[in-house]
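Student: Starting off with a structure, shown below.
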Amino acid sequence: MATARGCGPGGLRGGVGPGPGLGPGPVRRGPGALPLGAGRARRAPFPRPAPGGRPGGSPCALPSVAEARAPWRGPAPGPPAREQARLKGGVVEEDTEEWQKEPSFAGLERVGGVDLSYVKGDDSRACASLVVLSYPGLEVLYEDCQMVAVSAPYVAGFLAFREVPFLVEAVQRVQQEEPRLKPQVLLVDGNGLLHHRGFGVACHLGVLTDLPCIGVAKNLLQVDGLARDELHREQIRSLQRGGDTFPLTGTSGNVLGMALRSCNSSKPLYISVGHRVCLETAVRLVQSCCRYRIPEPIRQADIRSREYIRKQMCSPVKVPSSGPERKEKAELDD
């Protein structure tokens with residue numbers, strides 16, 4: 001995820017978002033955008049899926065945010081691997097909403113984007129950001145920025161255990177404080193099924209919130225034989241226009257995602273299913289949300305989280321912690 005530094009002259013102001021990339025007009029500020037120390041919203045639990053889940057799903061008792069934050073020490077055979085495998089059973093890899101069946105996505109009015117931006121040089125302090133944009137206008141309707149203390153260590157393949165709890169809380173806040181602005185789908189800066197064990201950040205967040213989620217990665221995760229080799233570079237060169245794609249087919253024969261040229265950039269995005277959406281719908285929606293290379297919901301979440309960090313860096317702040325601080329530097333590749 002992103003890293004921000006410094007203290008800019010502006011920062012976010014009052015409910016109007018002027019400045020480069022922030023967009024005009026009034027914006028509903030979430031409680032997470034209040035000064036730190038002003039208190040946190042009460043958690044509103046998500047409804048549990050009925051036995052059998054949605055079409056294509058399987059029975060799965062979802063954990064609370066506190067359970068998701070439970071300390072753990074590393075990959076298999078420890079608790080995270082078992083918990084990850086258990087949650088994976090709840091993933092739905094097909095469309096479940098009426099608006100997904102419409103060529104123009106008629107009925108879709110709100111698209112969310114999430115991001116976690118770290119303070120430069122400090123992997124334990126970050127800003128968790130959720131923005132909700134109108135669709136198809138892509139104007140910001142709601143934003144929630146919250147400084148958080150990231151205490152869980154980073155282990156490759158288990159990034160979600162480090163970051164997702166804060167994003168779940170952001171979704172809970174909008175559901176409680178501004179239910180009419182709750183997103184109908186989330187775009188996530190990360191992978192979904194395109195993952196070492198087929199359960200990336202977008203899947204994890206989708207199952208815990210029971211919202212349709214799409215993984216949008218800027219770099220290819222090399223898994224199941226996928227590699228940034230000459231063949232892959234040749235495929236990228238074949239993407240001539242915005243909207244051009246090619247499938248990401250692993251050596252297993254499974255299509256794990258799709259490479260998408262979103263606009264004029266020669267660098268593709270890597271789209272994968274997170275939850276309650278099929279790959280074709282995911283690619284079409286991401287493409288329709290792109291004014292630039294990065295889809296606007298994720299782009300706005302990143303811009304606003306960086307601005308919020310700059311504003312908070314102007315004075316010492318305390319951040320809500322999820323437990324004893326532990327720090328581990330690593331490349332976030334999942």
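Ordering of the structure tokens sets the chain letters (A, B, ...), residue numbers begin anew at 1 in every chain, and ligands are numbered from 1 in the order given.
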Using only C-alpha atoms, which protein or nucleic acid residues come within 9 Å of segment 95-98 of chain A? Drop anything in the same chain fewer than 6 positions from it, and give the result as a PyMOL selection string.
Tutor: chain A and resi 54-55+105-108+212+275-278+281
Student: Have a look at A:Val171, A:Val132, A:Leu256, A:Ala160 and name the one nearest to Leu221 of chain A; count only C-alpha atoms.
Tutor: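 Once distances to Leu221 of chain A are computed over only C-alpha atoms, the minimum belongs to A:Leu256.
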Student: Give the helix (DSSP H, G or I) residues of segment 74-311 of chain A, as assigned by DSSP on the backbone, as a ChimeraX atom specification.
Tutor: /A:79-88,98-101,159-177,179-181,201-209,230-237,279-288,296-311
Student: How far is it from atom CA of Cys263 of chain A to atom CA of Arg293 of chain A, in Å with one decimal?
Tutor: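 Atom CA of Arg293 of chain A lies 5.7 Å from atom CA of Cys263 of chain A.
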Student: As number ranges by chain, please: the residues near Gly112 of chain A (cut-off 8 Å, only C-alpha atoms, same-chain neighbours under 3 positions excluded).
Tutor: A: 130-133, 183-187, 297-298
Student: Those same residues - N, CA and C atoms - I'd like them written as a PDB file, in the first residue's frame.
Tutor:
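Output (selection_28.pdb):
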ATOM      1  N   LEU A 130     -11.413   5.090   3.599  1.00  0.00           N
ATOM      2  CA  LEU A 130     -12.536   4.605   2.791  1.00  0.00           C
ATOM      3  C   LEU A 130     -13.178   5.811   2.129  1.00  0.00           C
ATOM      4  N   VAL A 131     -13.365   5.750   0.822  1.00  0.00           N
ATOM      5  CA  VAL A 131     -14.138   6.774   0.125  1.00  0.00           C
ATOM      6  C   VAL A 131     -15.279   6.089  -0.616  1.00  0.00           C
ATOM      7  N   VAL A 132     -16.376   6.809  -0.750  1.00  0.00           N
ATOM      8  CA  VAL A 132     -17.519   6.319  -1.513  1.00  0.00           C
ATOM      9  C   VAL A 132     -17.801   7.329  -2.610  1.00  0.00           C
ATOM     10  N   LEU A 133     -17.825   6.862  -3.850  1.00  0.00           N
ATOM     11  CA  LEU A 133     -18.052   7.717  -5.004  1.00  0.00           C
ATOM     12  C   LEU A 133     -19.404   7.407  -5.623  1.00  0.00           C
ATOM     13  N   PRO A 183     -21.284   1.704   0.468  1.00  0.00           N
ATOM     14  CA  PRO A 183     -20.953   1.292  -0.904  1.00  0.00           C
ATOM     15  C   PRO A 183     -21.637  -0.010  -1.272  1.00  0.00           C
ATOM     16  N   GLN A 184     -21.967  -0.136  -2.545  1.00  0.00           N
ATOM     17  CA  GLN A 184     -22.560  -1.376  -3.064  1.00  0.00           C
ATOM     18  C   GLN A 184     -21.492  -2.345  -3.553  1.00  0.00           C
ATOM     19  N   VAL A 185     -20.278  -1.851  -3.724  1.00  0.00           N
ATOM     20  CA  VAL A 185     -19.153  -2.665  -4.153  1.00  0.00           C
ATOM     21  C   VAL A 185     -17.887  -1.945  -3.699  1.00  0.00           C
ATOM     22  N   LEU A 186     -16.845  -2.707  -3.388  1.00  0.00           N
ATOM     23  CA  LEU A 186     -15.568  -2.140  -2.966  1.00  0.00           C
ATOM     24  C   LEU A 186     -14.467  -2.511  -3.948  1.00  0.00           C
ATOM     25  N   LEU A 187     -13.661  -1.523  -4.320  1.00  0.00           N
ATOM     26  CA  LEU A 187     -12.449  -1.753  -5.088  1.00  0.00           C
ATOM     27  C   LEU A 187     -11.278  -1.688  -4.116  1.00  0.00           C
ATOM     28  N   PRO A 297     -12.077   5.248  -7.405  1.00  0.00           N
ATOM     29  CA  PRO A 297     -12.288   4.998  -5.971  1.00  0.00           C
ATOM     30  C   PRO A 297     -10.986   4.716  -5.215  1.00  0.00           C
ATOM     31  N   ILE A 298     -10.101   3.904  -5.770  1.00  0.00           N
ATOM     32  CA  ILE A 298      -8.820   3.623  -5.117  1.00  0.00           C
ATOM     33  C   ILE A 298      -7.922   4.853  -5.174  1.00  0.00           C
TER      34      ILE A 298
END
Student: Tell me, which residues of segment 67-217 of chain A carry DSSP strand (DSSP E or B), written as number ranges by chain?
Tutor: A: 110-119, 122-134, 140-149, 185-189, 213-217
Student: If you count only C-alpha atoms, which residues fall within 10 Å of Val286 of chain A, apart from same-chain ones fewer than 5 positions away, as a PDB file with N, CA, C and O atoms, in the first residue's frame?
Tutor:
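Output saved as result.pdb:
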ATOM      1  N   LEU A 187     -13.661  -1.523  -4.320  1.00  0.00           N
ATOM      2  CA  LEU A 187     -12.449  -1.753  -5.088  1.00  0.00           C
ATOM      3  C   LEU A 187     -11.278  -1.688  -4.116  1.00  0.00           C
ATOM      4  O   LEU A 187     -11.155  -0.736  -3.340  1.00  0.00           O
ATOM      5  N   ILE A 214     -13.528  -6.305  -5.392  1.00  0.00           N
ATOM      6  CA  ILE A 214     -12.690  -6.541  -6.563  1.00  0.00           C
ATOM      7  C   ILE A 214     -11.255  -6.196  -6.209  1.00  0.00           C
ATOM      8  O   ILE A 214     -10.978  -5.123  -5.673  1.00  0.00           O
ATOM      9  N   GLY A 215     -10.330  -7.104  -6.528  1.00  0.00           N
ATOM     10  CA  GLY A 215      -8.920  -6.832  -6.325  1.00  0.00           C
ATOM     11  C   GLY A 215      -8.334  -6.114  -7.530  1.00  0.00           C
ATOM     12  O   GLY A 215      -8.524  -6.546  -8.665  1.00  0.00           O
ATOM     13  N   VAL A 216      -7.621  -5.010  -7.259  1.00  0.00           N
ATOM     14  CA  VAL A 216      -6.983  -4.220  -8.320  1.00  0.00           C
ATOM     15  C   VAL A 216      -5.529  -4.014  -7.911  1.00  0.00           C
ATOM     16  O   VAL A 216      -5.234  -3.222  -7.015  1.00  0.00           O
ATOM     17  N   GLY A 243      -9.095  -0.719 -22.245  1.00  0.00           N
ATOM     18  CA  GLY A 243     -10.098  -1.774 -22.266  1.00  0.00           C
ATOM     19  C   GLY A 243      -9.570  -3.096 -22.778  1.00  0.00           C
ATOM     20  O   GLY A 243     -10.220  -4.128 -22.604  1.00  0.00           O
ATOM     21  N   LEU A 260      -5.425  -5.709 -17.477  1.00  0.00           N
ATOM     22  CA  LEU A 260      -6.275  -4.698 -18.124  1.00  0.00           C
ATOM     23  C   LEU A 260      -5.479  -3.443 -18.400  1.00  0.00           C
ATOM     24  O   LEU A 260      -4.820  -2.900 -17.498  1.00  0.00           O
ATOM     25  N   SER A 262      -6.091   0.096 -18.647  1.00  0.00           N
ATOM     26  CA  SER A 262      -7.243   0.879 -18.218  1.00  0.00           C
ATOM     27  C   SER A 262      -7.413   2.173 -18.999  1.00  0.00           C
ATOM     28  O   SER A 262      -8.524   2.664 -19.157  1.00  0.00           O
ATOM     29  N   LEU A 269      -3.231  -2.996 -15.242  1.00  0.00           N
ATOM     30  CA  LEU A 269      -3.691  -3.352 -13.908  1.00  0.00           C
ATOM     31  C   LEU A 269      -3.970  -4.847 -13.898  1.00  0.00           C
ATOM     32  O   LEU A 269      -4.271  -5.443 -14.938  1.00  0.00           O
ATOM     33  N   ILE A 271      -6.498  -7.449 -12.411  1.00  0.00           N
ATOM     34  CA  ILE A 271      -7.819  -7.523 -11.805  1.00  0.00           C
ATOM     35  C   ILE A 271      -8.101  -8.964 -11.399  1.00  0.00           C
ATOM     36  O   ILE A 271      -7.863  -9.893 -12.170  1.00  0.00           O
ATOM     37  N   THR A 281     -17.384  -9.215 -14.956  1.00  0.00           N
ATOM     38  CA  THR A 281     -18.019  -8.034 -14.372  1.00  0.00           C
ATOM     39  C   THR A 281     -16.992  -7.161 -13.670  1.00  0.00           C
ATOM     40  O   THR A 281     -17.030  -5.927 -13.777  1.00  0.00           O
ATOM     41  N   ILE A 294      -5.253   4.336 -12.497  1.00  0.00           N
ATOM     42  CA  ILE A 294      -5.832   3.748 -11.291  1.00  0.00           C
ATOM     43  C   ILE A 294      -7.315   4.098 -11.216  1.00  0.00           C
ATOM     44  O   ILE A 294      -7.676   5.250 -11.405  1.00  0.00           O
ATOM     45  N   PRO A 295      -8.191   3.122 -10.951  1.00  0.00           N
ATOM     46  CA  PRO A 295      -9.622   3.444 -10.857  1.00  0.00           C
ATOM     47  C   PRO A 295      -9.879   4.489  -9.782  1.00  0.00           C
ATOM     48  O   PRO A 295      -9.239   4.502  -8.728  1.00  0.00           O
ATOM     49  N   GLU A 296     -10.814   5.377 -10.057  1.00  0.00           N
ATOM     50  CA  GLU A 296     -11.019   6.561  -9.234  1.00  0.00           C
ATOM     51  C   GLU A 296     -11.306   6.264  -7.760  1.00  0.00           C
ATOM     52  O   GLU A 296     -10.803   6.982  -6.888  1.00  0.00           O
ATOM     53  N   PRO A 297     -12.077   5.248  -7.405  1.00  0.00           N
ATOM     54  CA  PRO A 297     -12.288   4.998  -5.971  1.00  0.00           C
ATOM     55  C   PRO A 297     -10.986   4.716  -5.215  1.00  0.00           C
ATOM     56  O   PRO A 297     -10.770   5.266  -4.125  1.00  0.00           O
TER      57      PRO A 297
END
